Structure formats: C-alpha cells, structure tokens
>>> print(open('protein30.pdb').read())   # PDB, C-alpha atoms
ATOM      1  CA  MET A   1     -30.058 -13.930  -7.630
ATOM      2  CA  PRO A   2     -27.917 -16.146  -9.927
ATOM      3  CA  GLN A   3     -25.023 -17.727  -8.101
ATOM      4  CA  PRO A   4     -21.539 -17.285  -9.541
ATOM      5  CA  SER A   5     -20.218 -20.628 -10.768
ATOM      6  CA  GLN A   6     -17.041 -21.542  -8.873
ATOM      7  CA  PRO A   7     -14.816 -22.218 -11.929
ATOM      8  CA  PHE A   8     -15.503 -18.647 -13.114
ATOM      9  CA  VAL A   9     -14.871 -16.929  -9.790
ATOM     10  CA  ARG A  10     -11.589 -15.019  -9.840
ATOM     11  CA  ASN A  11     -11.304 -14.522  -6.096
ATOM     12  CA  LEU A  12      -8.576 -17.013  -5.184
ATOM     13  CA  LEU A  13      -9.979 -17.720  -1.725
ATOM     14  CA  LEU A  14     -13.415 -18.603  -3.134
ATOM     15  CA  SER A  15     -11.914 -20.661  -5.940
ATOM     16  CA  ALA A  16      -9.761 -22.612  -3.451
ATOM     17  CA  LEU A  17     -12.808 -23.714  -1.424
ATOM     18  CA  ASP A  18     -13.986 -27.317  -1.579
ATOM     19  CA  ALA A  19     -17.456 -27.909  -3.069
ATOM     20  CA  GLU A  20     -19.232 -28.057   0.307
ATOM     21  CA  SER A  21     -17.686 -24.801   1.518
ATOM     22  CA  TYR A  22     -18.429 -23.039  -1.742
ATOM     23  CA  ALA A  23     -22.044 -24.231  -1.695
ATOM     24  CA  ALA A  24     -22.463 -22.726   1.786
ATOM     25  CA  ILE A  25     -21.394 -19.248   0.724
ATOM     26  CA  ALA A  26     -22.276 -18.990  -2.990
ATOM     27  CA  PRO A  27     -26.004 -18.169  -2.511
ATOM     28  CA  HIS A  28     -25.050 -15.079  -0.504
ATOM     29  CA  LEU A  29     -22.510 -13.545  -2.927
ATOM     30  CA  GLU A  30     -23.726 -10.277  -4.473
ATOM     31  CA  PRO A  31     -21.642  -8.851  -7.361
ATOM     32  CA  ILE A  32     -20.371  -5.362  -6.570
ATOM     33  CA  ASP A  33     -18.192  -2.692  -8.187
ATOM     34  CA  LEU A  34     -15.329  -1.451  -6.050
ATOM     35  CA  PRO A  35     -14.496   2.118  -7.178
ATOM     36  CA  LYS A  36     -11.199   3.651  -6.072
ATOM     37  CA  GLY A  37     -11.468   5.450  -2.747
ATOM     38  CA  THR A  38     -14.553   3.581  -1.498
ATOM     39  CA  THR A  39     -14.516   3.068   2.256
ATOM     40  CA  LEU A  40     -15.615  -0.507   2.958
ATOM     41  CA  ILE A  41     -15.192  -0.451   6.720
ATOM     42  CA  GLU A  42     -14.930   2.599   8.979
ATOM     43  CA  ALA A  43     -12.926   2.498  12.191
ATOM     44  CA  GLY A  44     -15.237   2.007  15.165
ATOM     45  CA  VAL A  45     -18.330   1.327  13.036
ATOM     46  CA  PRO A  46     -19.922  -2.157  13.045
ATOM     47  CA  PHE A  47     -19.153  -4.290   9.973
ATOM     48  CA  THR A  48     -22.121  -4.775   7.617
ATOM     49  CA  HIS A  49     -20.515  -6.734   4.766
ATOM     50  CA  ALA A  50     -17.398  -8.649   3.909
ATOM     51  CA  HIS A  51     -15.996  -8.177   0.385
ATOM     52  CA  PHE A  52     -14.311 -10.834  -1.724
ATOM     53  CA  PHE A  53     -12.331  -8.965  -4.411
ATOM     54  CA  ASN A  54     -12.055 -10.429  -7.907
ATOM     55  CA  SER A  55      -9.802  -7.549  -8.939
ATOM     56  CA  GLY A  56      -8.460  -4.339  -7.447
ATOM     57  CA  ILE A  57      -6.619  -3.753  -4.194
ATOM     58  CA  GLY A  58      -7.952  -3.013  -0.736
ATOM     59  CA  SER A  59      -5.984  -1.325   1.981
ATOM     60  CA  ILE A  60      -6.327  -1.590   5.746
ATOM     61  CA  VAL A  61      -5.213   1.671   7.292
ATOM     62  CA  ILE A  62      -4.711   2.731  10.888
ATOM     63  CA  SER A  63      -4.786   6.421  11.900
ATOM     64  CA  THR A  64      -3.856   8.590  14.852
ATOM     65  CA  ALA A  65      -6.435  10.966  16.369
ATOM     66  CA  ASP A  66      -4.910  13.819  14.314
ATOM     67  CA  SER A  67      -5.273  11.867  11.042
ATOM     68  CA  ARG A  68      -1.711  10.641  10.548
ATOM     69  CA  ARG A  69      -2.148   7.365   8.718
ATOM     70  CA  VAL A  70      -0.163   4.283   7.810
ATOM     71  CA  GLU A  71      -1.181   1.227   5.908
ATOM     72  CA  ALA A  72      -1.273  -1.901   8.046
ATOM     73  CA  GLY A  73      -1.971  -4.379   5.263
ATOM     74  CA  ILE A  74      -3.242  -4.956   1.743
ATOM     75  CA  PHE A  75      -5.421  -7.576   0.125
ATOM     76  CA  GLY A  76      -6.878  -8.237  -3.305
ATOM     77  CA  ARG A  77      -8.217 -11.250  -5.164
ATOM     78  CA  GLU A  78      -6.523 -13.589  -2.642
ATOM     79  CA  GLY A  79      -8.541 -12.340   0.343
ATOM     80  CA  LEU A  80     -11.548 -10.623   1.830
ATOM     81  CA  SER A  81     -12.378  -7.515   3.845
ATOM     82  CA  GLY A  82     -14.148  -7.577   7.169
ATOM     83  CA  PHE A  83     -12.644 -10.824   8.423
ATOM     84  CA  GLY A  84     -12.925  -9.530  11.986
ATOM     85  CA  CYS A  85     -16.458 -10.938  11.917
ATOM     86  CA  LEU A  86     -14.903 -14.426  11.671
ATOM     87  CA  LEU A  87     -13.113 -13.743  14.949
ATOM     88  CA  GLY A  88     -16.315 -12.991  16.810
ATOM     89  CA  VAL A  89     -16.045  -9.190  16.851
ATOM     90  CA  ASP A  90     -18.396  -6.646  15.307
ATOM     91  CA  GLN A  91     -15.980  -3.737  14.607
ATOM     92  CA  GLY A  92     -12.330  -2.738  14.775
ATOM     93  CA  PRO A  93     -10.004   0.276  14.974
ATOM     94  CA  GLN A  94      -8.883   0.069  11.306
ATOM     95  CA  THR A  95     -10.390   1.562   8.157
ATOM     96  CA  THR A  96     -10.627  -0.569   5.006
ATOM     97  CA  MET A  97     -10.693   1.213   1.647
ATOM     98  CA  VAL A  98     -10.347   0.477  -2.053
ATOM     99  CA  GLN A  99      -7.002   1.782  -3.275
ATOM    100  CA  VAL A 100      -7.015   0.285  -6.805
ATOM    101  CA  ALA A 101     -10.471   0.009  -8.411
ATOM    102  CA  GLY A 102     -11.881  -3.445  -9.062
ATOM    103  CA  GLU A 103     -14.941  -5.619  -8.649
ATOM    104  CA  GLY A 104     -15.960  -8.541  -6.533
ATOM    105  CA  TYR A 105     -18.707  -9.912  -4.316
ATOM    106  CA  ARG A 106     -20.076  -8.713  -1.057
ATOM    107  CA  VAL A 107     -21.745 -10.879   1.544
ATOM    108  CA  SER A 108     -23.590  -9.686   4.606
ATOM    109  CA  ILE A 109     -21.846 -10.366   7.895
ATOM    110  CA  ASP A 110     -24.809 -12.406   9.153
ATOM    111  CA  ALA A 111     -24.831 -14.583   6.027
ATOM    112  CA  LEU A 112     -21.066 -15.124   6.259
ATOM    113  CA  ARG A 113     -21.285 -16.125   9.916
ATOM    114  CA  ASN A 114     -24.170 -18.488   9.171
ATOM    115  CA  ALA A 115     -22.286 -20.056   6.264
ATOM    116  CA  CYS A 116     -19.277 -20.597   8.564
ATOM    117  CA  ARG A 117     -21.509 -22.300  11.131
ATOM    118  CA  GLN A 118     -22.919 -24.492   8.366
ATOM    119  CA  SER A 119     -19.523 -25.427   6.893
ATOM    120  CA  ASN A 120     -16.585 -26.069   9.167
ATOM    121  CA  SER A 121     -14.211 -26.324   6.215
ATOM    122  CA  LEU A 122     -15.308 -22.873   4.997
ATOM    123  CA  ARG A 123     -14.592 -21.396   8.426
ATOM    124  CA  GLU A 124     -11.195 -23.124   8.580
ATOM    125  CA  THR A 125     -10.143 -21.939   5.118
ATOM    126  CA  LEU A 126     -11.127 -18.342   5.904
ATOM    127  CA  LEU A 127      -9.290 -18.503   9.229
ATOM    128  CA  ARG A 128      -6.185 -19.769   7.436
ATOM    129  CA  TYR A 129      -6.414 -16.588   5.347
ATOM    130  CA  VAL A 130      -6.568 -14.542   8.573
ATOM    131  CA  HIS A 131      -3.322 -16.273   9.612
ATOM    132  CA  VAL A 132      -1.717 -15.325   6.273
ATOM    133  CA  PHE A 133      -2.875 -11.728   6.714
ATOM    134  CA  ILE A 134      -1.355 -11.602  10.217
ATOM    135  CA  SER A 135       1.885 -12.948   8.697
ATOM    136  CA  GLN A 136       1.794 -10.082   6.184
ATOM    137  CA  THR A 137       1.338  -7.437   8.903
ATOM    138  CA  SER A 138       4.133  -9.076  10.922
ATOM    139  CA  TYR A 139       6.483  -8.715   7.966
ATOM    140  CA  THR A 140       5.317  -5.127   7.511
ATOM    141  CA  ALA A 141       6.391  -4.432  11.114
ATOM    142  CA  LEU A 142       9.753  -6.123  10.473
ATOM    143  CA  SER A 143      10.221  -4.222   7.230
ATOM    144  CA  ASN A 144       9.320  -0.877   8.834
ATOM    145  CA  VAL A 145      12.141  -1.135  11.352
ATOM    146  CA  ASN A 146      14.734  -2.899   9.206
ATOM    147  CA  GLN A 147      14.428  -1.556   5.694
ATOM    148  CA  SER A 148      15.290   1.657   3.916
ATOM    149  CA  VAL A 149      12.471   3.542   2.190
ATOM    150  CA  GLU A 150      13.631   1.932  -1.099
ATOM    151  CA  GLY A 151      13.384  -1.518   0.476
ATOM    152  CA  ARG A 152       9.936  -0.891   1.938
ATOM    153  CA  LEU A 153       8.707   0.560  -1.336
ATOM    154  CA  THR A 154      10.095  -2.443  -3.236
ATOM    155  CA  ARG A 155       8.282  -4.896  -0.970
ATOM    156  CA  TRP A 156       5.089  -2.908  -1.317
ATOM    157  CA  LEU A 157       5.321  -2.777  -5.129
ATOM    158  CA  LEU A 158       5.766  -6.561  -5.216
ATOM    159  CA  MET A 159       2.689  -7.017  -3.025
ATOM    160  CA  CYS A 160       0.680  -4.781  -5.399
ATOM    161  CA  HIS A 161       2.081  -6.611  -8.442
ATOM    162  CA  ASP A 162       0.734  -9.897  -7.024
ATOM    163  CA  ARG A 163      -2.752  -8.379  -6.996
ATOM    164  CA  VAL A 164      -3.011  -6.634 -10.381
ATOM    165  CA  THR A 165      -3.238  -8.070 -13.892
ATOM    166  CA  GLY A 166      -0.163  -7.198 -15.939
ATOM    167  CA  ASP A 167       2.847  -5.152 -14.903
ATOM    168  CA  ASP A 168       1.368  -1.657 -14.493
ATOM    169  CA  ILE A 169       0.397  -0.282 -11.099
ATOM    170  CA  ALA A 170      -1.609   2.960 -11.202
ATOM    171  CA  LEU A 171      -0.608   4.912  -8.084
ATOM    172  CA  THR A 172       0.569   8.451  -7.391
ATOM    173  CA  HIS A 173       3.603   9.326  -5.289
ATOM    174  CA  GLU A 174       1.288  11.118  -2.889
ATOM    175  CA  PHE A 175      -0.694   7.952  -2.305
ATOM    176  CA  LEU A 176       2.462   5.867  -1.852
ATOM    177  CA  SER A 177       3.746   8.364   0.720
ATOM    178  CA  ILE A 178       0.557   7.979   2.747
ATOM    179  CA  MET A 179       0.712   4.186   2.555
ATOM    180  CA  LEU A 180       4.360   4.067   3.625
ATOM    181  CA  ALA A 181       3.984   7.000   6.078
ATOM    182  CA  VAL A 182       6.967   8.884   4.672
ATOM    183  CA  GLN A 183       7.383  12.373   3.237
ATOM    184  CA  ARG A 184       6.431  12.369  -0.425
ATOM    185  CA  PRO A 185       9.905  13.350  -1.750
ATOM    186  CA  SER A 186      11.230  10.193  -0.029
ATOM    187  CA  VAL A 187       8.934   8.170  -2.321
ATOM    188  CA  THR A 188       9.985  10.173  -5.394
ATOM    189  CA  THR A 189      13.661   9.695  -4.509
ATOM    190  CA  ALA A 190      13.237   5.971  -3.769
ATOM    191  CA  LEU A 191      11.416   5.459  -7.097
ATOM    192  CA  HIS A 192      14.201   7.378  -8.858
ATOM    193  CA  MET A 193      16.795   5.037  -7.306
ATOM    194  CA  ILE A 194      14.901   1.818  -8.043
ATOM    195  CA  GLU A 195      14.264   3.029 -11.600
ATOM    196  CA  GLY A 196      17.977   3.821 -11.898
ATOM    197  CA  TYR A 197      18.739   0.165 -11.119
ATOM    198  CA  GLY A 198      16.432  -0.804 -14.019
ATOM    199  CA  PHE A 199      13.862  -2.638 -11.863
ATOM    200  CA  ILE A 200      10.855  -0.410 -12.643
ATOM    201  CA  LYS A 201       9.735   2.395 -14.938
ATOM    202  CA  ALA A 202       7.988   5.267 -13.172
ATOM    203  CA  ARG A 203       5.647   7.547 -15.117
ATOM    204  CA  ARG A 204       3.190  10.069 -13.805
ATOM    205  CA  GLY A 205       0.554   8.118 -11.857
ATOM    206  CA  ASN A 206       1.904   4.772 -13.050
ATOM    207  CA  ILE A 207       4.680   2.357 -12.125
ATOM    208  CA  THR A 208       5.661  -0.518 -14.439
ATOM    209  CA  ILE A 209       7.395  -3.567 -12.994
ATOM    210  CA  VAL A 210      10.308  -4.341 -15.333
ATOM    211  CA  ASP A 211      12.395  -6.892 -13.412
ATOM    212  CA  ARG A 212      10.410  -8.682 -10.724
ATOM    213  CA  ASP A 213      13.176 -11.130  -9.792
ATOM    214  CA  ALA A 214      15.584  -8.261  -9.177
ATOM    215  CA  LEU A 215      12.979  -6.530  -6.996
ATOM    216  CA  ILE A 216      12.569  -9.716  -4.934
ATOM    217  CA  ASP A 217      16.348  -9.866  -4.419
ATOM    218  CA  PHE A 218      16.389  -6.179  -3.494
ATOM    219  CA  ALA A 219      13.600  -6.738  -0.929
ATOM    220  CA  ASP A 220      16.190  -8.866   0.901
ATOM    221  CA  GLY A 221      13.946 -11.531   2.427
ATOM    222  CA  MET A 222      11.204  -9.109   3.527
ATOM    223  CA  TYR A 223       8.927 -10.215   0.669
ATOM    224  CA  GLY A 224       7.756 -13.757   0.021
ATOM    225  CA  THR A 225       7.092 -15.585   3.278
ATOM    226  CA  PRO A 226       3.404 -14.595   3.751
ATOM    227  CA  GLU A 227       2.838 -15.302   0.049
ATOM    228  CA  ALA A 228       4.424 -18.763   0.493
ATOM    229  CA  GLU A 229       2.185 -19.329   3.526
ATOM    230  CA  TYR A 230      -0.846 -18.598   1.339
ATOM    231  CA  ARG A 231       0.295 -21.167  -1.246
ATOM    232  CA  ARG A 232       1.070 -23.731   1.476
ATOM    233  CA  LEU A 233      -2.237 -23.308   3.311
ATOM    234  CA  ILE A 234      -4.803 -22.160   0.743
ATOM    235  CA  GLY A 235      -3.857 -22.351  -2.927
ATOM    236  CA  PRO A 236      -2.128 -20.719  -5.884
ATOM    237  CA  PHE A 237      -1.199 -17.052  -5.489
ATOM    238  CA  GLY A 238       1.174 -14.546  -7.112
TER
ATOM    239  CA  MET B   1      -5.064  25.268  -0.806
ATOM    240  CA  LYS B   2      -2.527  25.516  -3.608
ATOM    241  CA  ARG B   3      -0.415  22.828  -5.191
ATOM    242  CA  PHE B   4       3.332  23.114  -4.823
ATOM    243  CA  TYR B   5       5.983  20.973  -6.504
ATOM    244  CA  LEU B   6       9.232  20.023  -4.755
ATOM    245  CA  HIS B   7      11.809  19.346  -7.462
ATOM    246  CA  GLN B   8      14.962  17.922  -5.930
ATOM    247  CA  LYS B   9      18.341  19.189  -7.124
ATOM    248  CA  ILE B  10      20.869  16.354  -7.335
ATOM    249  CA  ALA B  11      24.515  16.338  -8.478
ATOM    250  CA  ASN B  12      23.777  15.721 -12.150
ATOM    251  CA  GLY B  13      20.260  17.048 -12.605
ATOM    252  CA  ILE B  14      16.830  17.231 -11.043
ATOM    253  CA  ILE B  15      14.464  14.589  -9.665
ATOM    254  CA  GLU B  16      11.143  15.998 -10.799
ATOM    255  CA  ASP B  17       8.103  15.990  -8.582
ATOM    256  CA  PRO B  18       5.313  14.730 -10.868
ATOM    257  CA  ASP B  19       2.371  15.131  -8.488
ATOM    258  CA  GLY B  20       2.962  18.055  -6.167
ATOM    259  CA  THR B  21       1.432  18.481  -2.732
ATOM    260  CA  GLU B  22      -1.273  20.788  -1.449
ATOM    261  CA  ALA B  23      -0.329  23.444   1.093
ATOM    262  CA  VAL B  24      -2.072  26.588   2.331
ATOM    263  CA  ASP B  25       0.733  28.900   1.217
ATOM    264  CA  LEU B  26       4.399  29.023   0.248
ATOM    265  CA  ALA B  27       5.513  29.190   3.896
ATOM    266  CA  ALA B  28       3.701  25.902   4.577
ATOM    267  CA  ALA B  29       5.222  24.378   1.429
ATOM    268  CA  LYS B  30       8.691  25.434   2.685
ATOM    269  CA  ARG B  31       8.032  23.804   6.059
ATOM    270  CA  GLY B  32       7.082  20.637   4.153
ATOM    271  CA  ALA B  33      10.293  20.852   2.131
ATOM    272  CA  ILE B  34      12.352  21.123   5.335
ATOM    273  CA  LEU B  35      10.660  18.038   6.821
ATOM    274  CA  ALA B  36      11.197  16.150   3.566
ATOM    275  CA  ALA B  37      14.867  17.177   3.421
ATOM    276  CA  ARG B  38      15.365  15.995   7.018
ATOM    277  CA  GLN B  39      13.920  12.612   6.148
ATOM    278  CA  LEU B  40      16.100  12.272   3.027
ATOM    279  CA  LEU B  41      19.193  13.260   5.044
ATOM    280  CA  ALA B  42      18.278  10.824   7.828
ATOM    281  CA  ASN B  43      17.691   8.013   5.318
ATOM    282  CA  ALA B  44      21.105   8.658   3.753
ATOM    283  CA  VAL B  45      22.862   8.758   7.145
ATOM    284  CA  LEU B  46      21.218   5.471   8.200
ATOM    285  CA  ALA B  47      22.178   3.861   4.883
ATOM    286  CA  GLY B  48      25.744   5.130   5.317
ATOM    287  CA  VAL B  49      25.758   6.988   2.003
ATOM    288  CA  ALA B  50      25.860  10.608   0.888
ATOM    289  CA  PRO B  51      22.430  12.100   0.199
ATOM    290  CA  LEU B  52      21.497  12.285  -3.472
ATOM    291  CA  GLY B  53      19.979  15.754  -3.273
ATOM    292  CA  THR B  54      21.260  19.149  -2.156
ATOM    293  CA  ALA B  55      18.144  21.353  -2.339
ATOM    294  CA  PHE B  56      14.463  21.583  -3.251
ATOM    295  CA  HIS B  57      13.286  23.989  -5.929
ATOM    296  CA  ILE B  58       9.683  24.804  -5.022
ATOM    297  CA  THR B  59       7.540  25.666  -8.061
ATOM    298  CA  ASP B  60       3.879  26.216  -8.857
ATOM    299  CA  HIS B  61       1.954  24.150 -11.431
ATOM    300  CA  THR B  62       3.349  26.271 -14.297
ATOM    301  CA  GLY B  63       6.931  25.501 -13.267
ATOM    302  CA  GLN B  64       7.530  29.048 -11.972
ATOM    303  CA  LEU B  65      10.289  28.918  -9.322
ATOM    304  CA  LEU B  66       8.921  30.257  -6.022
ATOM    305  CA  SER B  67      11.674  29.405  -3.552
ATOM    306  CA  THR B  68      14.700  27.195  -2.949
ATOM    307  CA  VAL B  69      15.303  25.273   0.276
ATOM    308  CA  SER B  70      18.835  23.918   0.652
ATOM    309  CA  PHE B  71      19.291  20.715   2.623
ATOM    310  CA  GLY B  72      21.719  22.634   4.869
ATOM    311  CA  GLU B  73      18.828  24.853   6.015
ATOM    312  CA  ALA B  74      16.935  21.732   7.024
ATOM    313  CA  LEU B  75      19.437  20.763   9.716
ATOM    314  CA  PRO B  76      18.124  21.590  13.193
ATOM    315  CA  ALA B  77      19.699  24.596  14.943
ATOM    316  CA  GLY B  78      22.847  23.552  16.805
ATOM    317  CA  PHE B  79      23.311  20.472  14.604
ATOM    318  CA  MET B  80      27.060  20.345  14.058
ATOM    319  CA  VAL B  81      28.913  18.050  11.713
ATOM    320  CA  THR B  82      32.567  18.953  12.140
ATOM    321  CA  ALA B  83      35.785  17.024  12.348
TER
END
>>> encode(input="protein30.pdb", output="structure tokens")
Amino acid sequence: MPQPSQPFVRNLLLSALDAESYAAIAPHLEPIDLPKGTTLIEAGVPFTHAHFFNSGIGSIVISTADSRRVEAGIFGREGLSGFGCLLGVDQGPQTTMVQVAGEGYRVSIDALRNACRQSNSLRETLLRYVHVFISQTSYTALSNVNQSVEGRLTRWLLMCHDRVTGDDIALTHEFLSIMLAVQRPSVTTALHMIEGYGFIKARRGNITIVDRDALIDFADGMYGTPEAEYRRLIGPFG
Amino acid sequence: MKRFYLHQKIANGIIEDPDGTEAVDLAAAKRGAILAARQLLANAVLAGVAPLGTAFHITDHTGQLLSTVSFGEALPAGFMVTA
C-alpha cells in the first residue's frame, strides 16, 4: 500500500506530527471514503479502527435508552475518531457518525496502539488532541446551560465552519435540532433571527456563513477557547 | 409516517418550515407543535423578550393547511399570566 506523503496529507493532526511520529503511523493509513450517515463507532461495541478525516465532519452522539440524542462533540480534519483506544479502553457509551461527507484514512486500533508504543511523541500529540476535545465538550456543557438556542446554534455553526472548505454548510433544520437537542421550530426560529442580523444566509438544506466575526461576537465567549488550545498545543486550525 | 410542516405565524409574516417533520398522523403533528411552541415560549421568557411567533400553521407537503395551533393553546392547564 503506498503511504500518503506528509506534505499532501490534509488531516491537520497528521500534518502537525514530527517526522518520527509520522513515520510510525504512515504505513498503517488506509484511504477511505466517509459517506454521510456512516456509523464509525457504535455505543458499547469494541473499536476496530480510528479515522483521521481529511474532509467532512464527524459527530459524537450520546443517547438515552429511548433514543433521545444529543451531540457531545464534533471533529473533522483537525482530529480523529476512536481516540478512546489511546486511553486504554476498547469501547465507550457514545456513537460516532459522519454528519458531513468527506474522506480520510483509517487505521486499525492495534496498529495505532503499536505506533504509539513505538513513538512517544506520536502518543503525546494524539493525547494533546484528546485534551482539546475534552475542552470542546466542556464548553458545550457551559454553552448548554448558559446560552440561548441562537447562541448555541451560532457556536455550533462556527465549529462546523472551521471544518468545511468555503462558507457553505449543508445541513437540514431537522439534523440541527437533533444535534442541539431542541424542537425543530426552535432551530428554524433561531436561524431566522441570526439571518435577520445579517450573519448567515439560510436556504433549504444549506447555511452560508456571511459574517464570521459577528458570529464570534454573538457567541459571547463560548466559541474560541478549545480552538485556541488546539493552535497552542498542536498546530494551525480554523 | 407522513411529513408535516410547521409554519410559524409571526407579527409581520411567516417563518417557513423548509424541511417538515415526520409524524404518524395529524394528532401527533399537533402534539409536536404544542411541544415546539412551549419551547419557543420558554426561550423567549428566559431571554426576557416577547415571543416572535403566535401560532403554527400545520400543512402537508403541498402547502394545504391542515390545522392551526395557537401558542396560547400550548400553555399547560392552570398556567396563569395575570396582573
């Protein structure tokens, strides 16, 4: 299998690795398409692969027994799925799915663990990403109790914008309502308000970011710290 | 399952529902509209502002009006807002 050359890899975590770390993992990277809706990890089922996205967005979702769901976190080209294996566990209670189609690399859990044993700097870089992800979920908790639906939606749109190319985000109101765990008309109304301020344009199945700086102001401090942690600890992002 | 659209009546127009939601029948769609209205009312109360909307017009995919749920109907029984 040809190895992807590091300068051409678009996953930001892989491209931020030093040469020794990259050499430890590169032989195990298999290119893979990531179609929308694909389940990468099922709750309560042992991990088989981790996925480094080059494009697209993955979503980590937690559900009640009667299928009420909320999104716990998102990742894209800055991260990887299945990082629980780096923490010495073989499965978790969350489901990981592809919410915006993309492509990337997958690596078997055994190969990833071996590569981390071989390269301490690889393990440390990936664990720094786990820290950034925990920072993101911490801010999600803060946002959920402190922000209006418009504020939460704004933060979430900014997080998606960081992970897509261009200014268009292809998502339905129904999907957004599941991710934010609100009634769908709350999403429609919040989009109507944010569009009224001139920050976005909402069309059927698509949202265009018009004024990112204004959205960041509107998010009122709930967006930006985990992203700054990524830049401080790993490399360029957003 | 059928798809129902909850178009929200506001002071100067309508906020259109572009996607709709699946429900088994109109009664289930109306229950969904009541839950949605409660959330919109609660959001407005928490934000300290008047709610934007006053009712949902429930339509099918052709735009045919099937029912209207006013936000007043969404208030729980015994919920009193009086001076």
>>> resolve_selection(input="protein30.pdb", expression="the PyMOL selection byres ((chain A) within 12 of (chain B))", output="ChimeraX atom specification")
/A:145-151,171-178,181-193,195-196,202-206
>>> atom_distance(input="protein30.pdb", atom1="atom CA of Ser59 of chain A", atom2="atom CA of Gly82 of chain A")
11.5 Å
>>> atom_distance(input="protein30.pdb", atom1="atom CA of Ala28 of chain B", atom2="atom CA of Thr62 of chain B")
18.9 Å
>>> resolve_selection(input="protein30.pdb", expression="the PyMOL selection byres ((chain B and resi 60) around 10)", output="VMD selection string")
chain B and resid 2 to 6 20 26 58 to 59 61 to 67
>>> atom_distance(input="protein30.pdb", atom1="atom CA of Ala19 of chain A", atom2="atom CA of Glu78 of chain A")
18.0 Å
>>> closest_residue(input="protein30.pdb", among="A:Leu158, A:Leu126, A:Ile57, A:Ile169", to="Asp217 of chain A", atoms="only C-alpha atoms")
A:Leu158
>>> resolve_selection(input="protein30.pdb", expression="the PyMOL selection byres ((chain A and resi 221) around 12)", output="PyMOL selection string")
chain A and resi 139-140+142-143+146-147+151-152+154-155+215-220+222-227
>>> residues_around(input="protein30.pdb", residues="Leu86 of chain A", least_positions_apart="6", cutoff="8 Å", atoms="all atoms listed in the file", output="list in words")
Arg113, Arg123, Leu126 and Leu127 of chain A
>>> write_last_selection(input="protein30.pdb", atoms="C-alpha atoms", output="PDB file, in the frame of the given file")
ATOM      1  CA  ARG A 113     -21.285 -16.125   9.916  1.00  0.00           C
ATOM      2  CA  ARG A 123     -14.592 -21.396   8.426  1.00  0.00           C
ATOM      3  CA  LEU A 126     -11.127 -18.342   5.904  1.00  0.00           C
ATOM      4  CA  LEU A 127      -9.290 -18.503   9.229  1.00  0.00           C
TER       5      LEU A 127
END
>>> closest_residue(input="protein30.pdb", among="B:Val69, B:Ala29, B:Ala23, B:Ala11", to="His57 of chain B", atoms="all atoms listed in the file")
B:Val69
>>> closest_residue(input="protein30.pdb", among="A:Phe47, A:Asp90, A:Thr96, A:Lys36", to="Ala170 of chain A", atoms="only C-alpha atoms")
A:Lys36
>>> decode(input="protein30.pdb", residues="segment 100-112 of chain A", atoms="N, CA and C atoms", output="PDB file, in the first residue's frame")
ATOM      1  N   VAL A 100     -21.176  15.215   7.914  1.00  0.00           N
ATOM      2  CA  VAL A 100     -20.946  15.852   6.610  1.00  0.00           C
ATOM      3  C   VAL A 100     -19.946  14.953   5.885  1.00  0.00           C
ATOM      4  N   ALA A 101     -20.308  14.510   4.673  1.00  0.00           N
ATOM      5  CA  ALA A 101     -19.485  13.539   3.943  1.00  0.00           C
ATOM      6  C   ALA A 101     -18.064  14.065   3.705  1.00  0.00           C
ATOM      7  N   GLY A 102     -17.123  13.154   3.688  1.00  0.00           N
ATOM      8  CA  GLY A 102     -15.734  13.531   3.428  1.00  0.00           C
ATOM      9  C   GLY A 102     -14.917  12.309   3.097  1.00  0.00           C
ATOM     10  N   GLU A 103     -13.599  12.457   3.255  1.00  0.00           N
ATOM     11  CA  GLU A 103     -12.708  11.300   3.078  1.00  0.00           C
ATOM     12  C   GLU A 103     -11.551  11.443   4.050  1.00  0.00           C
ATOM     13  N   GLY A 104     -10.824  10.352   4.198  1.00  0.00           N
ATOM     14  CA  GLY A 104      -9.718  10.393   5.152  1.00  0.00           C
ATOM     15  C   GLY A 104      -8.961   9.087   5.140  1.00  0.00           C
ATOM     16  N   TYR A 105      -8.372   8.754   6.280  1.00  0.00           N
ATOM     17  CA  TYR A 105      -7.639   7.499   6.432  1.00  0.00           C
ATOM     18  C   TYR A 105      -8.195   6.765   7.638  1.00  0.00           C
ATOM     19  N   ARG A 106      -8.188   5.438   7.531  1.00  0.00           N
ATOM     20  CA  ARG A 106      -8.484   4.680   8.728  1.00  0.00           C
ATOM     21  C   ARG A 106      -7.242   3.887   9.107  1.00  0.00           C
ATOM     22  N   VAL A 107      -7.150   3.586  10.378  1.00  0.00           N
ATOM     23  CA  VAL A 107      -6.022   2.800  10.883  1.00  0.00           C
ATOM     24  C   VAL A 107      -6.595   1.839  11.911  1.00  0.00           C
ATOM     25  N   SER A 108      -6.151   0.593  11.866  1.00  0.00           N
ATOM     26  CA  SER A 108      -6.699  -0.357  12.828  1.00  0.00           C
ATOM     27  C   SER A 108      -6.238   0.031  14.235  1.00  0.00           C
ATOM     28  N   ILE A 109      -7.085  -0.296  15.201  1.00  0.00           N
ATOM     29  CA  ILE A 109      -6.781   0.063  16.589  1.00  0.00           C
ATOM     30  C   ILE A 109      -5.444  -0.559  17.021  1.00  0.00           C
ATOM     31  N   ASP A 110      -5.215  -1.796  16.628  1.00  0.00           N
ATOM     32  CA  ASP A 110      -3.953  -2.454  17.026  1.00  0.00           C
ATOM     33  C   ASP A 110      -2.755  -1.724  16.435  1.00  0.00           C
ATOM     34  N   ALA A 111      -2.859  -1.329  15.165  1.00  0.00           N
ATOM     35  CA  ALA A 111      -1.739  -0.630  14.520  1.00  0.00           C
ATOM     36  C   ALA A 111      -1.513   0.731  15.176  1.00  0.00           C
ATOM     37  N   LEU A 112      -2.605   1.408  15.539  1.00  0.00           N
ATOM     38  CA  LEU A 112      -2.460   2.725  16.178  1.00  0.00           C
ATOM     39  C   LEU A 112      -1.804   2.582  17.550  1.00  0.00           C
TER      40      LEU A 112
END
